[in-house]
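Structure data (compact mmCIF, C-alpha atoms) from upload_18.txt:
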```
# COMPACT_ATOMS: atom_id res chain seq x y z
CA MET I 1351 92.12 141.86 109.21
CA ASN I 1352 88.95 142.32 107.14
CA TYR I 1353 90.95 141.77 103.99
CA SER I 1354 92.27 138.46 105.38
CA VAL I 1355 88.74 137.26 106.28
CA THR I 1356 87.43 138.21 102.80
CA ASN I 1357 90.40 136.47 101.18
CA THR I 1358 89.83 133.25 103.17
CA ALA I 1359 86.10 133.31 102.32
CA GLN I 1360 86.92 133.79 98.63
CA ASN I 1361 89.34 130.86 98.75
CA ALA I 1362 86.70 128.64 100.38
CA VAL I 1363 84.17 129.59 97.67
CA GLU I 1364 86.78 128.87 94.99
CA VAL I 1365 87.66 125.46 96.52
CA ASN I 1366 83.97 124.50 96.85
CA LYS I 1367 83.43 125.43 93.20
CA VAL I 1368 86.34 123.19 92.12
CA ILE I 1369 85.02 120.30 94.26
CA ARG I 1370 81.45 120.67 92.90
CA ASN I 1371 82.58 120.96 89.27
CA THR I 1372 84.97 118.01 89.62
CA TYR I 1373 82.40 115.63 91.11
CA THR I 1374 79.71 116.71 88.58
CA LEU I 1375 82.06 116.13 85.63
CA LEU I 1376 83.39 112.91 87.18
CA SER I 1377 79.83 111.52 87.45
CA MET I 1378 79.13 112.46 83.82
CA THR I 1379 82.37 110.92 82.53
CA LEU I 1380 81.78 107.71 84.51
CA VAL I 1381 78.30 107.33 82.97
CA PHE I 1382 79.69 108.08 79.49
CA SER I 1383 82.55 105.64 80.06
CA ALA I 1384 80.11 102.91 81.17
CA ILE I 1385 78.01 103.47 78.02
CA MET I 1386 81.15 103.19 75.84
CA ALA I 1387 82.17 100.00 77.68
CA ALA I 1388 78.69 98.54 77.10
CA VAL I 1389 78.85 99.40 73.38
CA SER I 1390 82.34 97.88 73.08
CA THR I 1391 81.19 94.70 74.88
CA PHE I 1392 78.04 94.48 72.74
CA VAL I 1393 79.91 94.74 69.41
CA GLN I 1394 82.53 92.20 70.65
CA MET I 1395 85.64 94.31 70.07
CA PRO I 1396 88.92 92.33 69.74
CA PRO I 1397 91.46 92.21 72.65
CA MET I 1398 93.82 94.70 70.95
CA THR I 1399 91.15 97.39 71.54
CA TYR I 1400 92.26 97.69 75.18
CA LEU I 1401 95.89 98.39 74.26
CA LEU I 1402 94.99 100.83 71.47
CA SER I 1403 92.43 102.69 73.61
CA LEU I 1404 94.84 102.97 76.53
CA GLY I 1405 97.61 104.20 74.20
CA GLY I 1406 95.27 106.74 72.59
CA ALA I 1407 94.03 107.97 75.98
CA MET I 1408 97.61 108.33 77.29
CA LEU I 1409 98.60 110.38 74.22
CA LEU I 1410 95.61 112.67 74.82
CA ILE I 1411 96.54 113.01 78.52
CA TRP I 1412 100.21 113.77 77.82
CA LEU I 1413 100.00 115.87 74.65
CA VAL I 1414 96.53 117.40 74.28
CA LEU I 1415 95.04 117.85 77.78
CA PRO I 1416 97.82 120.12 79.17
CA ARG I 1417 97.31 122.51 76.20
CA THR I 1418 93.51 122.56 76.38
CA ALA I 1419 92.84 122.27 80.13
CA ASN I 1420 92.13 126.00 80.44
CA SER I 1421 89.76 126.23 77.49
CA ALA I 1422 86.29 124.90 76.57
CA THR I 1423 87.96 122.37 74.24
CA GLY I 1424 89.41 120.70 77.36
CA LEU I 1425 85.93 119.44 78.27
CA TRP I 1426 85.73 117.52 74.97
CA VAL I 1427 89.23 116.15 75.53
CA VAL I 1428 88.19 114.86 78.97
CA PHE I 1429 85.19 113.07 77.41
CA ALA I 1430 87.41 111.71 74.63
CA ILE I 1431 89.89 110.30 77.22
CA THR I 1432 87.24 108.73 79.44
CA GLY I 1433 85.25 107.48 76.45
CA LEU I 1434 88.35 105.82 74.98
CA LEU I 1435 89.25 104.19 78.30
CA GLY I 1436 85.67 102.97 78.73
CA PHE I 1437 85.59 101.61 75.18
CA GLY I 1438 88.86 99.78 75.85
CA LEU I 1439 87.25 97.91 78.75
CA GLY I 1440 84.88 96.09 76.37
CA PRO I 1441 87.15 93.10 75.52
CA ILE I 1442 88.10 92.63 79.20
CA LEU I 1443 84.47 92.68 80.29
CA SER I 1444 83.54 90.21 77.50
CA GLN I 1445 86.26 87.86 78.76
CA TYR I 1446 84.98 87.97 82.36
CA LEU I 1447 81.30 87.83 81.38
CA ALA I 1448 82.00 84.57 79.53
CA LEU I 1449 82.88 82.89 82.89
CA SER I 1450 80.09 81.12 84.80
CA LYS I 1451 80.41 83.62 87.69
CA GLY I 1452 81.34 86.45 85.30
CA PRO I 1453 78.36 88.76 85.84
CA GLN I 1454 78.80 88.43 89.63
CA ILE I 1455 82.55 89.20 89.38
CA VAL I 1456 81.97 92.28 87.20
CA ALA I 1457 79.13 93.55 89.43
CA THR I 1458 81.24 93.00 92.59
CA ALA I 1459 84.23 94.82 91.07
CA PHE I 1460 81.94 97.68 89.98
CA GLY I 1461 80.27 98.01 93.37
CA GLY I 1462 83.56 97.49 95.25
CA THR I 1463 85.25 100.27 93.26
CA GLY I 1464 82.35 102.61 94.06
CA VAL I 1465 82.52 101.83 97.78
CA ILE I 1466 86.34 102.30 97.89
CA PHE I 1467 86.16 105.63 96.02
CA LEU I 1468 83.25 107.05 98.03
CA GLY I 1469 84.76 105.85 101.32
CA LEU I 1470 88.21 107.34 100.68
CA SER I 1471 86.89 110.58 99.17
CA GLY I 1472 84.48 110.94 102.08
CA TYR I 1473 87.35 110.34 104.53
CA ALA I 1474 89.55 112.98 102.87
CA LEU I 1475 86.67 115.48 102.58
CA THR I 1476 85.47 115.11 106.17
CA THR I 1477 88.87 114.99 107.92
CA ARG I 1478 90.24 117.74 105.59
CA LYS I 1479 93.71 116.37 106.30
CA ASN I 1480 96.53 117.44 104.00
CA PHE I 1481 97.95 114.35 102.30
CA SER I 1482 100.49 116.25 100.17
CA PHE I 1483 103.35 114.48 102.02
CA MET I 1484 102.37 111.27 100.18
CA GLY I 1485 103.18 112.63 96.70
CA GLY I 1486 106.78 111.41 96.43
CA PHE I 1487 105.99 108.01 97.95
CA LEU I 1488 103.02 107.41 95.63
CA VAL I 1489 104.76 108.40 92.42
CA ALA I 1490 107.87 106.35 93.34
CA GLY I 1491 105.59 103.38 94.06
CA LEU I 1492 103.84 103.85 90.73
CA LEU I 1493 107.19 103.90 88.94
CA MET I 1494 108.24 100.65 90.62
CA VAL I 1495 104.92 98.99 89.71
CA LEU I 1496 105.35 100.03 86.07
CA VAL I 1497 108.86 98.51 86.01
CA ALA I 1498 107.50 95.30 87.58
CA ALA I 1499 104.64 95.19 85.05
CA LEU I 1500 107.16 95.68 82.23
CA ALA I 1501 109.27 92.79 83.56
CA ASN I 1502 106.17 90.61 83.90
CA ILE I 1503 105.35 90.97 80.20
CA PHE I 1504 108.41 88.77 79.60
CA LEU I 1505 108.36 86.72 82.85
CA ALA I 1506 104.59 86.02 82.67
CA MET I 1507 104.37 85.07 86.38
CA PRO I 1508 100.72 84.86 87.58
CA ALA I 1509 101.73 85.50 91.22
CA LEU I 1510 103.61 88.67 90.26
CA SER I 1511 100.64 89.79 88.18
CA LEU I 1512 98.34 89.33 91.20
CA ALA I 1513 100.79 91.17 93.49
CA ILE I 1514 100.97 94.05 90.99
CA SER I 1515 97.15 94.30 90.97
CA ALA I 1516 97.05 94.38 94.79
CA ILE I 1517 99.76 97.08 94.95
CA VAL I 1518 98.06 99.16 92.23
CA ILE I 1519 94.81 99.17 94.26
CA MET I 1520 96.73 100.33 97.35
CA LEU I 1521 98.54 103.03 95.36
CA MET I 1522 95.34 104.25 93.66
CA SER I 1523 93.62 104.36 97.06
CA GLY I 1524 96.50 106.56 98.24
CA PHE I 1525 96.16 108.70 95.11
CA ILE I 1526 92.42 109.22 95.85
CA LEU I 1527 93.36 110.61 99.29
CA TYR I 1528 96.21 112.67 97.78
CA ASP I 1529 94.14 114.08 94.88
CA THR I 1530 91.08 114.85 97.02
CA SER I 1531 93.32 116.62 99.54
CA ARG I 1532 94.98 118.57 96.70
CA MET I 1533 91.53 119.76 95.65
CA ILE I 1534 90.53 120.76 99.21
CA HIS I 1535 93.77 122.62 99.97
CA GLY I 1536 93.91 124.47 96.64
CA GLY I 1537 96.83 122.45 95.21
CA GLU I 1538 94.86 121.93 92.01
CA THR I 1539 92.34 124.51 90.86
CA ASN I 1540 91.60 123.12 87.39
CA TYR I 1541 88.57 120.82 87.63
CA LEU I 1542 89.27 119.19 84.24
CA LEU I 1543 92.72 117.97 85.36
CA MET I 1544 91.26 116.95 88.74
CA THR I 1545 88.49 114.94 87.03
CA VAL I 1546 90.98 113.05 84.84
CA SER I 1547 93.20 112.28 87.87
CA LEU I 1548 90.29 110.91 89.92
CA TYR I 1549 88.89 109.05 86.89
CA LEU I 1550 92.24 107.30 86.35
CA ASN I 1551 92.31 106.26 90.03
CA ILE I 1552 88.81 104.76 89.73
CA PHE I 1553 89.57 103.12 86.37
CA ASN I 1554 92.73 101.45 87.71
CA ILE I 1555 91.01 100.24 90.89
CA PHE I 1556 88.18 98.72 88.81
CA VAL I 1557 90.50 96.93 86.33
CA HIS I 1558 92.77 95.50 89.04
CA LEU I 1559 89.93 94.57 91.39
CA LEU I 1560 88.35 92.73 88.46
CA HIS I 1561 91.65 90.89 87.97
CA ILE I 1562 91.93 89.91 91.66
CA LEU I 1563 88.30 88.79 91.88
CA GLY I 1564 88.65 86.84 88.62
CA VAL I 1565 91.70 84.96 89.92
CA MET I 1566 90.25 84.38 93.39
CA SER I 1567 86.86 83.14 92.18
CA ASP I 1568 86.22 79.44 91.71
CA ASP I 1569 86.01 79.79 87.89
CA MET H 1275 106.73 87.11 70.94
CA ASP H 1276 103.47 88.53 69.62
CA TRP H 1277 103.03 92.19 68.72
CA MET H 1278 100.59 92.75 71.61
CA LYS H 1279 103.42 92.14 74.08
CA ILE H 1280 105.64 94.57 72.15
CA GLY H 1281 102.80 97.11 72.18
CA TRP H 1282 102.36 96.78 75.97
CA ALA H 1283 106.12 97.06 76.50
CA ILE H 1284 106.26 100.27 74.40
CA LEU H 1285 103.31 101.76 76.31
CA LEU H 1286 104.82 100.92 79.72
CA ILE H 1287 108.25 102.30 78.72
CA ALA H 1288 106.55 105.52 77.54
CA MET H 1289 104.68 105.76 80.88
CA ILE H 1290 107.94 105.26 82.82
CA ALA H 1291 109.69 107.90 80.68
CA VAL H 1292 106.89 110.42 81.33
CA ILE H 1293 106.52 109.69 85.05
CA TYR H 1294 110.26 109.46 85.93
CA PRO H 1295 111.06 113.25 85.82
CA ASN H 1296 107.88 113.99 87.83
CA ALA H 1297 108.80 111.28 90.34
CA LYS H 1298 112.27 112.78 90.83
CA ARG H 1299 110.81 116.28 91.30
CA MET H 1300 108.05 115.10 93.65
CA LEU H 1301 110.49 113.08 95.77
CA THR H 1302 112.54 116.21 96.46
CA ASP H 1303 109.70 118.78 96.59
CA SER H 1304 107.04 116.89 98.59
CA PRO H 1305 106.57 118.21 102.12
CA LYS H 1306 107.85 115.90 104.85
CA ALA H 1307 105.31 113.96 106.90
CA GLU H 1308 104.73 115.09 110.47
CA LYS H 1309 104.15 112.82 113.45
CA GLY H 1310 100.88 110.89 113.06
CA ASP H 1311 100.47 111.76 109.36
CA TRP H 1312 101.18 108.23 108.12
CA MET H 1313 98.77 106.75 110.68
CA SER H 1314 95.95 108.74 109.05
CA VAL H 1315 96.81 106.99 105.74
CA VAL H 1316 97.46 103.49 107.10
CA LEU H 1317 94.01 103.17 108.69
CA PRO H 1318 91.92 103.79 105.52
CA ILE H 1319 94.32 101.66 103.43
CA LEU H 1320 93.93 98.80 105.93
CA ALA H 1321 90.16 99.24 105.61
CA VAL H 1322 90.51 98.93 101.81
CA ILE H 1323 92.59 95.73 102.20
CA GLY H 1324 89.97 94.26 104.57
CA PHE H 1325 87.19 95.21 102.17
CA ILE H 1326 88.95 93.52 99.21
CA VAL H 1327 89.49 90.35 101.27
CA LEU H 1328 85.75 90.41 102.03
CA LEU H 1329 84.91 90.83 98.33
CA THR H 1330 87.16 87.90 97.33
CA MET H 1331 85.27 85.72 99.82
CA LEU H 1332 81.94 86.79 98.27
CA VAL H 1333 82.75 85.65 94.73
```

Written as structure tokens, how would this file's structure read?
Amino acid sequence: MNYSVTNTAQNAVEVNKVIRNTYTLLSMTLVFSAIMAAVSTFVQMPPMTYLLSLGGAMLLIWLVLPRTANSATGLWVVFAITGLLGFGLGPILSQYLALSKGPQIVATAFGGTGVIFLGLSGYALTTRKNFSFMGGFLVAGLLMVLVAALANIFLAMPALSLAISAIVIMLMSGFILYDTSRMIHGGETNYLLMTVSLYLNIFNIFVHLLHILGVMSDD
Amino acid sequence: MDWMKIGWAILLIAMIAVIYPNAKRMLTDSPKAEKGDWMSVVLPILAVIGFIVLLTMLV
């Protein structure tokens, strides 16, 4: 009995440590990413920067992060991934900032992403519900969206592009609930991997909210 | 077709190739939802949809 109580207390301490470390690192990577985006916007990087940065970040996530996630090097890899993704945002931000309502659109997307993330994380943290049942649904949805996005490269349909952005925001909102719940219930104990997962959710919500707001604005 | 489109297509195909095995595994291994579980997801997602509609009206 005493052993079970000690074990539960140890688990709770362990989970709280993962949550604290994840949110601390997430805040730091978001600030770093914003600085990189500002630098990239300031130096007027060409549009191909977004594709190259995204490709580089994906290679780091697939090939380097899994091998370094349990070492100190993993921390640098996380900053490299988030820095690259932030730097890639430069050309997109430049494009939106050139519109007459551009600064308002970018600020609204930035604030909106923050509200969505804090609201959903707060919901998952306070209710402590287990959202692990959503895993299959979310990843199947993500796969379908990727196939639709691939098709739209050749079809170039604006309505499909808008629908994809709306679905991505819904899916990433679901992933925030799923990932936060994984952290609470001990499904993921590595805070570096957790930070990258949550960062990608925020990054995708921001990019697609920017797209929706850009299309829906009067500009 | 410009090389940017080819680049995006390669990146998306790579993403699909990486995600597909995980998707198959997660579809079979994910725990099944219990009664009321989906309702606890639908409500916050509806709130997100409402919030985005509000934001689109603001810009």

Let me know the centre plus edge lengths, in Å and rounded to one decimal, of a box with edges along x, y and z that contains all listed atoms of segment 1525-1544 of chain I and is padded by 3 Å on every side, as lines of an AutoDock Vina configuration file.
```
center_x = 92.7
center_y = 116.6
center_z = 92.1
size_x = 14.3
size_y = 21.8
size_z = 21.7
```

Inset, instruction - Work out how far atom CA of Met1378 of chain I is from atom CA of Ser1515 of chain I, in Å to one decimal. - result: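 About the pair atom CA of Ser1515 of chain I and atom CA of Met1378 of chain I: they are 26.6 Å apart.
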
Inset, instruction - Enumerate as a PyMOL selection string the residues belonging to chain I that approach chain H to within 7 Å, with only C-alpha atoms taken into account. - result: chain I and resi 1401+1405+1455+1466+1482-1483+1485-1486+1489-1490+1493+1496+1500+1503+1520+1523+1563+1566-1567

Inset, instruction - May I ask for the distance between atom CA of Met1484 of chain I and atom CA of Ser1377 of chain I, given in Å to one decimal place? - result: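 Taking atom CA of Met1484 of chain I and atom CA of Ser1377 of chain I, their separation equals 25.9 Å.
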
Legend entry - Between atom CA of Ala1499 of chain I and atom CA of Ile1514 of chain I, distance in Å (one decimal):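 Straight-line distance from atom CA of Ala1499 of chain I to atom CA of Ile1514 of chain I works out to 7.1 Å.
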
Inset, instruction - Might you pull out every residue within 8 Å of Leu1415 of chain I, with all atoms listed in the file counted and same-chain residues fewer than 6 positions away left off, and present them as a PyMOL selection string? - result: chain I and resi 1424+1427-1428+1543

Inset, instruction - May I ask which of the residues I:Ala1419, I:Ala1448, I:Ala1407, I:Leu1548 is the closest one to Thr1530 of chain I, counting all atoms listed in the file? - result: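 That would be I:Leu1548, the residue with the smallest distance to Thr1530 of chain I.
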